[in-house]
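Asker: Before anything else, here's the structure in question.
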Amino acid sequence: MGPIPVRSVVRAGLVGGAVLAYLALVGLVERFAHLRLVGEPVTLGRILLVLPLFAAAFGVARPRVVAGERRVAGPRAGLVAGALTGATAAGGFAVAVILADRIDVARIRQVFIAVTPGLVEFVTFERGLVLGAAILVGLGLVAGALGGLARTGDRLVVGPAIAAVTTVIVMGLLQRIVPVAMIQLGFEPDFLYSPRTRSLTWGGATGLLVLAAGADALWRRSGPETRRRVRAAMVEQPAARAGILLIALAVLAVLPLLVGSVISQVLGSVMVFVLLGLGLNIVVGYAGLLDLGYIAFYAFGAYMMALLTGATLNTTTGSAAPAWSVDLNFYLAIWIVVILASGVGLMIGAPVLRLRGDYLAIVTLGLGEIVRVLAESRWLQPLVGGPQGMRGVTNAAIGSFGFRQPQRFYWLALAFVILALFVSWRLSSSRIGRAWNAMREDEQVADAMGISTTKYKLLAFAMGGAVGSLGGALFAVQIGSLTPASFQIIVSITALAVVILGGMGSIPGVVAGAAVLIGLPGLLREFEEFRLLIYGAVLVAIMILRPQGLIPSVRRMRELHEEEAEQDAWVKRFAGEAAAVAAGPGGALGVEDEDLT
Amino acid sequence: MSTDGGPHLLELRNVSKHFGGLYALSGLSMHVDRGEIVSVIGPNGAGKSTMFNVVTGLYEPDEGEILFQGQGIVGLPPNVITRLGIARTFQTVHLFPNMTVLENAMVGQHTRSRSGVFGAILRPPGTRREEERIRERAKECLEFFGSRLAGYRQEQPAFVLSYANRRRLEIARALSTDPTLVCLDEPTAGMNPRETLEMRDQIVRMRDELGLTVLVIEHDMRVVKGVSDRVVALDYGRKIAEGSYEEVANSPEVIEAYLGTKAVG
């Protein structure tokens, strides 16, 4: 097999088999055994059965560095090694299945409650143990061969193929969302999604395959050129830029009408977390202050909004007026919340000014918990209702047009997200952003260059708090009632994960991070029981494969060749000047002769 | 130069700084006058960099006074001292590595500009003009080094620069704070002979063309000789000699400090 050692093949195979066995044991495979993606036979369960085999082979065919030399396997080696890996993985899994059957499923079930006799039948294709195992190994051979080829084959073929298959699987998974959107748009979805099985029709799937493969191939050929041209147009023509922005805005605005209220609810939550992420991004991404207690601003924004708009306390006997509240209009209250939250930012920032890194993280973690404990406390019960919380938060109505309903809430949140995006962007590209950046890179040197680190740390906490409180205030409007249970530490962690996953300091990254971490789990409700498992796996995978985040903040985005061309022109220009200097008396080369000792 | 006995630009009076039992500076008194280039020499551990650190506010001295333009600056934070007009570079280069070369220099202008949060968000004409001015001034400072930090290099992140260019950028960043006094901590360390000579000329130009006062720690005696109006030699945190290059170079204390006790013969 040339560049791929047998040891690696065996190891990858065993790992693949173990992963597959794990997926089966936790119930993932069986749970989706009947979630049809295409027609009747292609179910998500079957894809989950094949995926680890494919992935193991894909991994084993990777380029390796042997004795300082990078060895890339050819398609043939990839195919053979992949097939062997896949067969090993499937074989290992088959042995596990046979063992499980011998031990008796009922006994395994005491530990892994998701295992059922149905699982064994499903993974042996209902053909009995021996034949089922044979089919499994055969499947492993094929899936492994494909996986190996996918890594080693011609990119121009493999790329479109992977894009096509991925598209079909994703579209199959979106079977509850896409048809609804199509009906809203006035299309008949039956040619794509079968009304009987709800899955993609064979014709529709084939069409999608061709479409996706074609689009990917086209993009591979002319994508970079198109992207360069679009970017150039964006830079040169303000009109083009405004046009693209307007189109994007229009798409975002009509989105909730297309996807229905369940998905709009998810989108609304994404928006709330975009606000949280943008605020935290100012503190963590721009200023480099690791804040694990960001929940403080979220809770403050939510409760303050409730108090300012006349919400009432929940009590055992009904509702009661809080010890203090006013009944303001939402559009006035929100600005008061923002201003007060920046004050809270200063209060939280002041005691932790001298702390850095881990120490700062621990202290802010504590401050965040204090806020939750206060919200639950007896002491503040007359004000915020203690464990029972509050209800009757404003729905931000303009006239009789309230914003509680999911689609309308999305619009309200979108408006504030756009505002926060604008503020974040302007701050990052300003004197203040530069000062934060310098402080993040080297606090002591920034101080020595004239930047008051005290002032800019406090400013970061204040600005971050202001933006984050917007998230809290909107959350209060979305839910209409508040309990301390909504302000667990997990919200702080999620907000931080949004920022880190997206790419620290990157504004598009925050949006992408919120979409992945909040949007995906919301869209894929079928996965509800496995949400945390998938969530964790995705986080680990992204942090290994892309530690800089999904959309890292590239300080100067530039096409490489563009830079090279510029460099060449520059070198030519100065080569001329340098020649002139060298020719002159005491020129660049004459200096060496000077006696200095 | 204030030969008339008027206040010195920078004056250290009996400054001591110790770390545990180690006296990095013990009763150091020295001064720098306006328009001078003063070199500070001394063997490793003589207290040269500690002197820079107490002057620029990174350390607070345990005893003594430091006056800048007649004003006591002990206890002021570094950023305030920079605003008063003392800029510095570091012995081991400390740039902002992920910011571009130009941005590094623009950071220097921070203390000479003032737009705040509302300026940043609303970007009124005043802020735009200020930003433009910051950019221009930063470019000017980079161009002090001719073509070395010009052109495409200004848009590169600082970490890609060569070692010598990092030193130059650090100096450009210091110049961009519009200082009165520049403190250079071993500006030629790690440079090859030709780059060293170039730097020597540039230090002289700082005084002659930019009208700056320069306090420089330097090990390369060709540079010390080439630039210094006055040389101060330190050892064990004390001043052991002061005067012209020749006077200091021939001072028995200095020779002893560098070479140990003079061999008999």
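As shown in the structure tokens, the chain order sets the letters A, B, ...; within each chain, residues go from 1, and ligands are also counted from 1 in the order they appear.
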Give me, as a list of chain:residue names, the contact residues of chain A against chain B at a cut-off of 6 Å, counting only C-alpha atoms.

Answerer: A:Val423, A:Arg426, A:Leu427, A:Ser430, A:Glu441, A:Asp447, A:Ala448, A:Met449, A:Gly450, A:Ile451, A:Ser452, A:Leu596, A:Thr597

Asker: Let's see if you can do this: from backbone DSSP, list all strand (DSSP E or B) residues in range 139-368 of chain A, as number ranges by chain.

Answerer: A: 193, 200, 309, 312-315, 318-320, 327

Asker: Hey, what's within 12 Å of Val65 in chain A if we count only C-alpha atoms and toss same-chain stuff fewer than 4 positions away? As a PyMOL selection string, please?

Answerer: chain A and resi 3-5+69-73

Asker: Output C-alpha atoms for every residue in the selection just made, as a PDB file, in the first residue's frame.

Answerer:
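Result went into out_9.pdb, see below:
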```
ATOM      1  CA  PRO A   3       2.710   5.234   1.883  1.00  0.00           C
ATOM      2  CA  ILE A   4       0.008   3.908   4.216  1.00  0.00           C
ATOM      3  CA  PRO A   5       1.274   1.609   6.966  1.00  0.00           C
ATOM      4  CA  GLU A  69       9.004  13.956   3.985  1.00  0.00           C
ATOM      5  CA  ARG A  70       5.384  14.499   3.093  1.00  0.00           C
ATOM      6  CA  ARG A  71       3.916  11.457   1.417  1.00  0.00           C
ATOM      7  CA  VAL A  72       0.631  11.690  -0.411  1.00  0.00           C
ATOM      8  CA  ALA A  73      -1.068   8.431  -1.240  1.00  0.00           C
TER       9      ALA A  73
END
```

Asker: Identify, on the basis of only C-alpha atoms, every residue whose closest approach to Val214 in chain B does not exceed 12 Å; exclude the query and any residue fewer than 3 positions from it along the same chain; express the result as a PyMOL selection string.

Answerer: chain B and resi 9-10+31-40+85-89+171+174-175+179-185+187+202-208+210-211+217-218+227-231

Asker: Between CA of Val55 in chain B and CA of Tyr236 in chain B, measure the distance and give it in Å to one decimal.

Answerer: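 Result for CA of Val55 in chain B versus CA of Tyr236 in chain B: 17.7 Å, one decimal.
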